[in-house]
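Down below is the structure, laid out as structure tokens.
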Amino acid sequence: MARTTESELSKIRRQAQALRDEIRRHDYQYYVLNQPEVSDAEYDQLLRKLQELEAKYPQLVTPDSPTQRVGGAPVSAFKPVRHQVPMLSLDNAFSEDELRAWEERVAGAVQPAKNTWTVELKIDGVGVALLYTRGVLTRAATRGDGETGEDITTNARTIRAIPLRLRKGAPPLLEVRGEVYMSLEEFTRYNADAARRGEETFANPRNAAAGSLRQKDPQITASRPLRFFVHSYGMVQGREFRTHWEFLQTCQALGLPIDPQGMPRDTVDKVLADCRKLEARRDRLAYEADGVVVKVNELDLQTRLGFTFRSPRWAIAYKFPAHEAATQVVDVISSVGRMGTITPVAKLKPVACGGVTISSVTLHNYDEVERLGVRIGDWVVIRRAGEVIPKVMKVIESKRTGTEKRIKIPTTCPVCGGAVTKASEDYVAYQCMSSTCPAQLVRRLMHFASREAMDIEGLGEAVAEQLAAHTLARDVADIYRLTKAQLLTLALFGEKRADNLLAAIRASTAQGLARALYGLGIRHVGEKAALVLAEQFESIDKLLAADEDRLRKIPEVGPVMAEAIMTFFRQPATRQVIRKLREAGVRLTQEMLQERRKPLAGMTIALTGELSGFTRSEAERLIHQLGGKASSSVSKQTDYVVVGERPGSKHRKAQTLGLKILNEAQFKKLLGQ
């Protein structure tokens with residue numbers, strides 16, 4: 001075989017590059033502009049030519065070649081990815097009045113400035129973050145819990161709508177956020193083909209997209225018809241954007257698809273008109289959309305508005321009205337939650353509603369069962385609102401035959417057989433009163449002992465299960481009554497392990513109110529909210545004495561969390577646990593350091609990037625303990641910006657504003673470490 005000369009190889013290299021450029025251009029025309037110029041067969045022929053060329057001359061293969069979309073080996077697990085900028089959820093508006101009320105709050109907060117808006121469809125897909133370094137896709141991650149997702153880079157590379165290399169003009173570093181989804185037509189076709197092959201089918205396009213992204217074999221992901229839209233960015237370096245709309249237009253120019261229905265608007269009246277138009281067209285869209293996302297367009301005003309714990313104040317999701325369908329209740333079962341609450345769940349004849357096949361629906365509580373008058377065998381109208389959770393709206397009494405059965409309130413727990421009763425007369429839910437109920441106790445113990453709560457090392461799932469099974473812990477407070485003799489009766493324990501666990505339990509008594517509140521598992525109260533409550537009230541007694549109005553006035557709390565806190569502390573079982581914790585010597589106060597021992601008093605500190613010596617929550621907790629405020633955004637009022645590895649947009653903002661920037665070593669010195 002004749003050896004290829006350098007001149008010939010150079011010519012072949014140019015030919016391969018020309019094929020790559022042409023394939024990328026057709027991807028751009030198809031996925032970004034929605035204006036395909038060639039048929040699928042012609043596209044496949046171009047790809048086949050490139051594959052043959054690269055097979056013959058493997059030295060010409062590049063990592064970002066279109067042929068390398070399915071080049072990874074199957075993975076055994078998805079590694080965690082810490083988002084440098086959290087991927088937050090959105091608050092919702094379910095009416096025009098609620099949207100106008102939000103607009104008025106925004107206007108009041110940004111005065112005297114005037115803002116404009118952007119309008120985009122809320123695609124019902126799977127949130128992902130794509131990181132491009134010097135224009136090349138280097139990482140893809142799922143949203144996860146907003147703070148930490150999973151690395152799905154190998155699978156994301158198989159999606160043709162996601163460019164492996166951006167077009168010319170890409171910034172040195174760009175992380176975009178968006179939705180991976182499956183169109184309705186392609187979802188229907190895929191399910192039909194899968195059914196014929198005897199393979200798994202999916203209930204709806206979102207589930208199909210989520211399942212496809214978490215395939216361990218990327219070739220399976222590649223076989224699924226997935227698409228992608230960009231809707232925001234996490235961080236960018238080397239490029240400034242003035243508005244969100246400018247960012248979206250830049251993404252489109254770089255080869256990233258954006259929602260074709262998106263548009264900028266200068267008044268809220270125009271925004272509302274767009275919401276009405278898009279709602280009217282929702283059933284004619286090519287993909288599932290459950291609402292419209294409205295954002296403040298100006299990025300400097302977004303920064304000024306900032307964030308709550310869960311969502312940005314500068315964006316809201318206007319949810320479309322619900323879809324409805326009729327089906328029959330075939331049974332009602334009782335589900336037991338972590339707090340022992342008994343929830344009636346209706347099992348339905350499967351019915352399609354708003355693109356989702358629904359076979360069960362919660363009836364919430366037995367007061368709701370009575371209000372609806374629903375019986376087993378009834379035909380009912382179910383509604384799927386903006387969220388995916390369906391709801392029974394009414395009974396179709398005209399369809400009754402007389403064979404329907406009344407739904408009885410259980411007198412014993414379906415899991416453990418324990419007594420079931422209302423916690424109090426003014427509490428609607430029925431509860432399993434057995435604190436040893438496996439449905440709730442094991443999870444409570446594990447949460448209470450977790451690192452973020454009381455940090456009791458050695459009390460994991462296996463130990464929690466043993467404590468529950470042997471009735472050594474009937475609630476979380478019983479952890480502090482454990483003895484060495486009791487632990488040695490369990491198969492898991494020897495002398496040393498028992499001593500270590502008891503030492504960890506003793507040490508946890510000094511953790512303080514914030515960690516104890518988080519460990520108690522109050523609904524909607526996460527780690528940050530628990531810290532805010534502890535600092536506001538300083539002791540469990542003051543918190544117990546607070547009314548709902550007092551709680552609502554705390555900016556980080558709000559009405560939903562306030563109601564959950566009040567409901568939790570009204571329960572006699574909760575008061576009993578608190579009494580036992582107090583008797584065991586658990587510190588239920590928040591130590592407020594003297595001013596001279598609070599070196600960060602009055603300081604606002606923002607964190608960006610990965611710190612090697614702290615998790616993000618640990619660093620924020622230390623800032624709070626030393627008197628400072630850990631901010632999720634950067635402004636002129638920020639005193640320090642702590643920068644770790646792979647910093648996000650806050651680093652760039654700090655440089656622009658001329659703020660004091662600290663590396664991790666300087667941050668430790670500031671903390672006195």
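Here, A, B, ... name the chains of the structure tokens in the order displayed, residue numbers run from 1 inside each chain, and ligands are numbered from 1 in the same displayed order.
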Q.
I'd like to know which residues of stretch 349-522 of chain A are strand (DSSP E) (by DSSP, run on the backbone); could you write them as an NGL selection string?
A. :A and (349-353 or 356-362 or 379-384 or 390-395 or 420-422 or 430-432)
Output file for the residues above (N, CA and C atoms, as a PDB file, in the first residue's frame):
ATOM      1  N   LYS A 349     -58.221   4.259  36.881  1.00  0.00           N
ATOM      2  CA  LYS A 349     -58.048   3.696  35.549  1.00  0.00           C
ATOM      3  C   LYS A 349     -57.129   4.654  34.806  1.00  0.00           C
ATOM      4  N   PRO A 350     -55.984   4.186  34.262  1.00  0.00           N
ATOM      5  CA  PRO A 350     -55.036   5.098  33.612  1.00  0.00           C
ATOM      6  C   PRO A 350     -55.720   5.968  32.567  1.00  0.00           C
ATOM      7  N   VAL A 351     -55.396   7.268  32.603  1.00  0.00           N
ATOM      8  CA  VAL A 351     -56.006   8.219  31.673  1.00  0.00           C
ATOM      9  C   VAL A 351     -54.966   9.255  31.265  1.00  0.00           C
ATOM     10  N   ALA A 352     -54.986   9.661  29.997  1.00  0.00           N
ATOM     11  CA  ALA A 352     -54.080  10.695  29.502  1.00  0.00           C
ATOM     12  C   ALA A 352     -54.638  12.062  29.871  1.00  0.00           C
ATOM     13  N   CYS A 353     -53.779  12.916  30.421  1.00  0.00           N
ATOM     14  CA  CYS A 353     -54.207  14.262  30.817  1.00  0.00           C
ATOM     15  C   CYS A 353     -53.034  15.209  30.672  1.00  0.00           C
ATOM     16  N   VAL A 356     -49.649  13.469  29.990  1.00  0.00           N
ATOM     17  CA  VAL A 356     -49.181  12.545  31.018  1.00  0.00           C
ATOM     18  C   VAL A 356     -50.243  11.463  31.239  1.00  0.00           C
ATOM     19  N   THR A 357     -49.809  10.213  31.387  1.00  0.00           N
ATOM     20  CA  THR A 357     -50.727   9.136  31.747  1.00  0.00           C
ATOM     21  C   THR A 357     -50.800   9.053  33.262  1.00  0.00           C
ATOM     22  N   ILE A 358     -51.994   9.265  33.812  1.00  0.00           N
ATOM     23  CA  ILE A 358     -52.181   9.327  35.259  1.00  0.00           C
ATOM     24  C   ILE A 358     -52.910   8.077  35.731  1.00  0.00           C
ATOM     25  N   SER A 359     -52.323   7.385  36.719  1.00  0.00           N
ATOM     26  CA  SER A 359     -52.936   6.171  37.252  1.00  0.00           C
ATOM     27  C   SER A 359     -53.168   6.256  38.757  1.00  0.00           C
ATOM     28  N   SER A 360     -52.685   7.315  39.394  1.00  0.00           N
ATOM     29  CA  SER A 360     -52.960   7.513  40.822  1.00  0.00           C
ATOM     30  C   SER A 360     -52.923   8.999  41.131  1.00  0.00           C
ATOM     31  N   VAL A 361     -53.622   9.374  42.189  1.00  0.00           N
ATOM     32  CA  VAL A 361     -53.678  10.785  42.564  1.00  0.00           C
ATOM     33  C   VAL A 361     -53.916  10.875  44.065  1.00  0.00           C
ATOM     34  N   THR A 362     -53.244  11.799  44.713  1.00  0.00           N
ATOM     35  CA  THR A 362     -53.448  11.969  46.152  1.00  0.00           C
ATOM     36  C   THR A 362     -54.788  12.650  46.417  1.00  0.00           C
ATOM     37  N   TRP A 379     -66.751   7.791  39.123  1.00  0.00           N
ATOM     38  CA  TRP A 379     -66.085   8.500  38.028  1.00  0.00           C
ATOM     39  C   TRP A 379     -65.812   9.919  38.515  1.00  0.00           C
ATOM     40  N   VAL A 380     -64.588  10.393  38.275  1.00  0.00           N
ATOM     41  CA  VAL A 380     -64.183  11.706  38.777  1.00  0.00           C
ATOM     42  C   VAL A 380     -63.523  12.513  37.670  1.00  0.00           C
ATOM     43  N   VAL A 381     -63.516  13.835  37.854  1.00  0.00           N
ATOM     44  CA  VAL A 381     -62.770  14.736  36.977  1.00  0.00           C
ATOM     45  C   VAL A 381     -61.442  15.046  37.660  1.00  0.00           C
ATOM     46  N   ILE A 382     -60.342  14.767  36.981  1.00  0.00           N
ATOM     47  CA  ILE A 382     -59.022  15.103  37.531  1.00  0.00           C
ATOM     48  C   ILE A 382     -58.438  16.258  36.742  1.00  0.00           C
ATOM     49  N   ARG A 383     -57.652  17.033  37.411  1.00  0.00           N
ATOM     50  CA  ARG A 383     -57.027  18.206  36.791  1.00  0.00           C
ATOM     51  C   ARG A 383     -55.531  18.139  37.004  1.00  0.00           C
ATOM     52  N   ARG A 384     -54.794  18.394  35.943  1.00  0.00           N
ATOM     53  CA  ARG A 384     -53.338  18.510  36.040  1.00  0.00           C
ATOM     54  C   ARG A 384     -52.992  19.971  35.831  1.00  0.00           C
ATOM     55  N   PRO A 390     -51.370  15.762  39.783  1.00  0.00           N
ATOM     56  CA  PRO A 390     -52.791  15.869  39.451  1.00  0.00           C
ATOM     57  C   PRO A 390     -53.658  15.958  40.702  1.00  0.00           C
ATOM     58  N   LYS A 391     -54.903  16.383  40.495  1.00  0.00           N
ATOM     59  CA  LYS A 391     -55.811  16.587  41.620  1.00  0.00           C
ATOM     60  C   LYS A 391     -57.226  16.195  41.203  1.00  0.00           C
ATOM     61  N   VAL A 392     -57.974  15.577  42.137  1.00  0.00           N
ATOM     62  CA  VAL A 392     -59.380  15.277  41.884  1.00  0.00           C
ATOM     63  C   VAL A 392     -60.198  16.537  42.131  1.00  0.00           C
ATOM     64  N   MET A 393     -60.975  16.938  41.117  1.00  0.00           N
ATOM     65  CA  MET A 393     -61.753  18.169  41.226  1.00  0.00           C
ATOM     66  C   MET A 393     -63.190  17.920  41.682  1.00  0.00           C
ATOM     67  N   LYS A 394     -63.830  16.880  41.124  1.00  0.00           N
ATOM     68  CA  LYS A 394     -65.221  16.626  41.495  1.00  0.00           C
ATOM     69  C   LYS A 394     -65.614  15.212  41.101  1.00  0.00           C
ATOM     70  N   VAL A 395     -66.712  14.754  41.695  1.00  0.00           N
ATOM     71  CA  VAL A 395     -67.296  13.456  41.371  1.00  0.00           C
ATOM     72  C   VAL A 395     -68.373  13.658  40.301  1.00  0.00           C
ATOM     73  N   VAL A 420     -54.086   5.011  64.690  1.00  0.00           N
ATOM     74  CA  VAL A 420     -54.155   6.191  63.838  1.00  0.00           C
ATOM     75  C   VAL A 420     -55.186   7.150  64.411  1.00  0.00           C
ATOM     76  N   THR A 421     -54.808   8.408  64.552  1.00  0.00           N
ATOM     77  CA  THR A 421     -55.735   9.413  65.071  1.00  0.00           C
ATOM     78  C   THR A 421     -55.284  10.782  64.597  1.00  0.00           C
ATOM     79  N   LYS A 422     -56.129  11.801  64.822  1.00  0.00           N
ATOM     80  CA  LYS A 422     -55.721  13.173  64.531  1.00  0.00           C
ATOM     81  C   LYS A 422     -54.778  13.648  65.626  1.00  0.00           C
ATOM     82  N   TYR A 430     -54.699  12.778  59.642  1.00  0.00           N
ATOM     83  CA  TYR A 430     -54.584  11.661  60.572  1.00  0.00           C
ATOM     84  C   TYR A 430     -53.144  11.167  60.553  1.00  0.00           C
ATOM     85  N   GLN A 431     -52.684  10.701  61.711  1.00  0.00           N
ATOM     86  CA  GLN A 431     -51.302  10.264  61.831  1.00  0.00           C
ATOM     87  C   GLN A 431     -51.211   8.897  62.483  1.00  0.00           C
ATOM     88  N   CYS A 432     -50.182   8.152  62.063  1.00  0.00           N
ATOM     89  CA  CYS A 432     -49.810   6.949  62.798  1.00  0.00           C
ATOM     90  C   CYS A 432     -49.107   7.412  64.061  1.00  0.00           C
TER      91      CYS A 432
END
Q) Neighbours of A:Gly512 within 12 Å (only C-alpha atoms; same-chain residues fewer than 2 positions away dropped), as a PyMOL selection string? A) chain A and resi 453-455+507-510+514-519+530-531+534-535+538-540+581-582+585-592+625
(Q) I want to know what sits within 12 Å of A:Glu298, based on only C-alpha atoms, with residues of the same chain fewer than 6 positions away left out; could you give that as a list in words? (A)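 So the residues in contact are Val110, Ala113, Lys114, Asn115, Thr116, Trp117, Thr118, Phe241, Arg242, Thr243, His244, Trp245, Glu246, Phe247, Pro264, Arg265, Asp266, Arg304, Leu305, Trp314 and Ala315 of chain A.
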Please dump the current selection as a short mmCIF file (atom, residue, chain, number, x, y, z; two decimals), in the first residue's frame; keep N, CA and C atoms.
data_model
loop_
_atom_site.label_atom_id
_atom_site.label_comp_id
_atom_site.auth_asym_id
_atom_site.auth_seq_id
_atom_site.Cartn_x
_atom_site.Cartn_y
_atom_site.Cartn_z
N VAL A 110 -36.67 48.23 41.82
CA VAL A 110 -35.63 48.73 40.92
C VAL A 110 -35.70 50.24 40.72
N ALA A 113 -34.87 53.13 38.31
CA ALA A 113 -34.60 52.54 37.00
C ALA A 113 -35.89 51.96 36.41
N LYS A 114 -35.92 51.82 35.11
CA LYS A 114 -37.03 51.19 34.40
C LYS A 114 -36.52 49.92 33.74
N ASN A 115 -37.28 48.85 33.90
CA ASN A 115 -36.84 47.59 33.33
C ASN A 115 -37.73 47.18 32.16
N THR A 116 -37.21 46.28 31.32
CA THR A 116 -38.01 45.64 30.28
C THR A 116 -38.07 44.15 30.61
N TRP A 117 -38.67 43.35 29.70
CA TRP A 117 -38.93 41.96 30.01
C TRP A 117 -38.53 41.05 28.86
N THR A 118 -38.36 39.77 29.17
CA THR A 118 -38.29 38.75 28.13
C THR A 118 -39.36 37.71 28.43
N PHE A 241 -22.58 40.78 28.95
CA PHE A 241 -23.93 40.89 28.40
C PHE A 241 -24.67 41.98 29.17
N ARG A 242 -25.35 42.83 28.46
CA ARG A 242 -26.14 43.89 29.11
C ARG A 242 -27.53 43.40 29.46
N THR A 243 -28.09 42.55 28.59
CA THR A 243 -29.45 42.07 28.80
C THR A 243 -29.53 40.56 28.58
N HIS A 244 -30.59 39.98 29.10
CA HIS A 244 -30.84 38.56 28.89
C HIS A 244 -31.11 38.27 27.42
N TRP A 245 -31.82 39.17 26.76
CA TRP A 245 -32.12 38.96 25.34
C TRP A 245 -30.84 38.96 24.51
N GLU A 246 -29.89 39.83 24.87
CA GLU A 246 -28.59 39.85 24.17
C GLU A 246 -27.89 38.50 24.36
N PHE A 247 -27.96 37.96 25.57
CA PHE A 247 -27.37 36.64 25.82
C PHE A 247 -28.00 35.58 24.93
N PRO A 264 -38.50 39.84 23.40
CA PRO A 264 -38.37 40.91 24.40
C PRO A 264 -39.63 41.78 24.40
N ARG A 265 -39.96 42.34 25.54
CA ARG A 265 -41.14 43.21 25.65
C ARG A 265 -40.83 44.38 26.57
N ASP A 266 -41.46 45.55 26.30
CA ASP A 266 -41.16 46.73 27.10
C ASP A 266 -42.26 47.10 28.09
N ARG A 304 -29.45 43.42 41.16
CA ARG A 304 -30.00 44.23 42.24
C ARG A 304 -31.16 43.52 42.95
N LEU A 305 -31.98 42.84 42.19
CA LEU A 305 -33.15 42.15 42.75
C LEU A 305 -32.75 40.93 43.57
N TRP A 314 -36.16 38.05 40.09
CA TRP A 314 -36.30 38.73 38.80
C TRP A 314 -36.96 37.87 37.72
N ALA A 315 -37.48 36.71 38.10
CA ALA A 315 -38.14 35.84 37.12
C ALA A 315 -39.32 35.15 37.78
#
Q: Assign secondary structure with DSSP using the backbone only, and return the residues of stretch 101-142 of chain A in alpha helix (DSSP H) as a ChimeraX atom specification.
A: /A:101-110
Go ahead and write the residues just picked, C-alpha atoms, as an mmCIF file, in the first residue's frame.
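What follows is the written file part07.cif:
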data_model
loop_
_atom_site.group_PDB
_atom_site.id
_atom_site.type_symbol
_atom_site.label_atom_id
_atom_site.label_comp_id
_atom_site.auth_asym_id
_atom_site.auth_seq_id
_atom_site.Cartn_x
_atom_site.Cartn_y
_atom_site.Cartn_z
ATOM 1 C CA ALA A 101 -48.562 41.927 41.530
ATOM 2 C CA TRP A 102 -45.089 40.453 40.898
ATOM 3 C CA GLU A 103 -44.396 43.153 38.291
ATOM 4 C CA GLU A 104 -45.320 45.841 40.836
ATOM 5 C CA ARG A 105 -42.903 44.352 43.379
ATOM 6 C CA VAL A 106 -40.138 44.357 40.777
ATOM 7 C CA ALA A 107 -40.875 47.944 39.747
ATOM 8 C CA GLY A 108 -40.782 49.093 43.356
ATOM 9 C CA ALA A 109 -37.457 47.349 43.976
ATOM 10 C CA VAL A 110 -35.628 48.729 40.915
#
Q.
Give me, as a PyMOL selection string, all polymer residues having an atom no more than 8 Å from A:Val176, counting only C-alpha atoms and skipping those fewer than 3 positions away in the same chain.
A. chain A and resi 129-131+230-235
**Q.** Among listed residues A:Pro414, A:Ala429, A:Gly373, A:Asp541, nearest A:Thr343 (using only C-alpha atoms)
**A.** A:Ala429
Q) For the atom pair atom CA of A:Gly494 and atom CA of A:Ser450, what is the interatomic distance in Å to one decimal place? A)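 If I compute the distance from atom CA of A:Gly494 to atom CA of A:Ser450, I get 22.1 Å.
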Q.
Which residues are near A:Arg552? Cut-off 12 Å, only C-alpha atoms, ignore same chain within fewer than 5 positions. Put them as a list in words.
A.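 So the residues in contact are Leu533, Ala546, Asp547, Val557, Gly558, Pro559, Val560, Met561, Ala562, Glu563, Ala564, Ile565 and Met566 of chain A.
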Q: Work out how far apart atom CA of A:Gln466 and atom CA of A:Leu490 are and give it in Å to one decimal.
A: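 According to the coordinates, atom CA of A:Gln466 and atom CA of A:Leu490 are separated by 7.1 Å.
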Q) For A:Arg375, which residue among A:Pro163, A:Pro344, A:Pro647, A:Gly178 is the nearest when counting only C-alpha atoms? A) A:Pro344
Q: For A:Leu626, please output as a list in words all residues within 7 Å (counting only C-alpha atoms; exclusion window: fewer than 5 positions along the same chain).
A: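 In the requested form, the answer reads Lys598, Pro599, Leu600 and Ala601 of chain A.
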Could the residues in this selection be saved with C-alpha atoms as a compact mmCIF listing (two decimals), in the first residue's frame?
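Result file follows (selection_10.txt):
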# COMPACT_ATOMS: atom_id res chain seq x y z
CA LYS A 598 -17.49 38.48 65.70
CA PRO A 599 -14.77 39.63 63.32
CA LEU A 600 -17.16 39.58 60.35
CA ALA A 601 -19.90 41.65 62.00
If you take only C-alpha atoms and a cut-off of 7 Å, which residues of stretch 132-199 of chain A touch stretch 206-212 of chain A, and what are their nearest atom pairs and distances in Å to one decimal, in chain and number order, as JSON lines?
{"residue": "A:Val180", "atom": "CA", "partner": "A:Ala209", "partner_atom": "CA", "distance": 6.6}
{"residue": "A:Tyr181", "atom": "CA", "partner": "A:Ala209", "partner_atom": "CA", "distance": 5.5}
{"residue": "A:Met182", "atom": "CA", "partner": "A:Ala209", "partner_atom": "CA", "distance": 6.1}
With C-alpha atoms retained, export the selected residues as a PDB file, in the first residue's frame.
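Printed below is again-v4.pdb as written:
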ATOM      1  CA  VAL A 180     -33.336  18.636  27.242  1.00  0.00           C
ATOM      2  CA  TYR A 181     -36.673  17.496  25.888  1.00  0.00           C
ATOM      3  CA  MET A 182     -38.401  15.210  23.407  1.00  0.00           C
TER       4      MET A 182
END
Q: Have a look at atom CA of A:Gly377 and atom CA of A:Val415 and let me know their distance in Å, one decimal.
A: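 Taking atom CA of A:Gly377 and atom CA of A:Val415, their separation equals 24.5 Å.
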Q. Looking at only C-alpha atoms, which of A:Thr138, A:Lys347, A:Ile152, A:Phe202 is the one that sits closest to A:Arg189?
A.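 Ranked by minimum distance to A:Arg189, first place goes to A:Phe202.
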So which residues touch A:Leu662 within 7 Å, counting only C-alpha atoms, skipping near sequence neighbours fewer than 5 positions away, as a short mmCIF file (atom, residue, chain, number, x, y, z; two decimals) with C-alpha atoms, in the first residue's frame?
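The result, stored in around_31.cif:
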data_model
loop_
_atom_site.label_atom_id
_atom_site.label_comp_id
_atom_site.auth_asym_id
_atom_site.auth_seq_id
_atom_site.Cartn_x
_atom_site.Cartn_y
_atom_site.Cartn_z
CA TYR A 640 -15.48 40.46 50.05
CA VAL A 641 -15.80 37.93 47.25
CA VAL A 642 -14.12 34.60 48.05
CA VAL A 643 -12.92 32.88 44.89
CA PHE A 667 -10.49 33.61 53.49
#
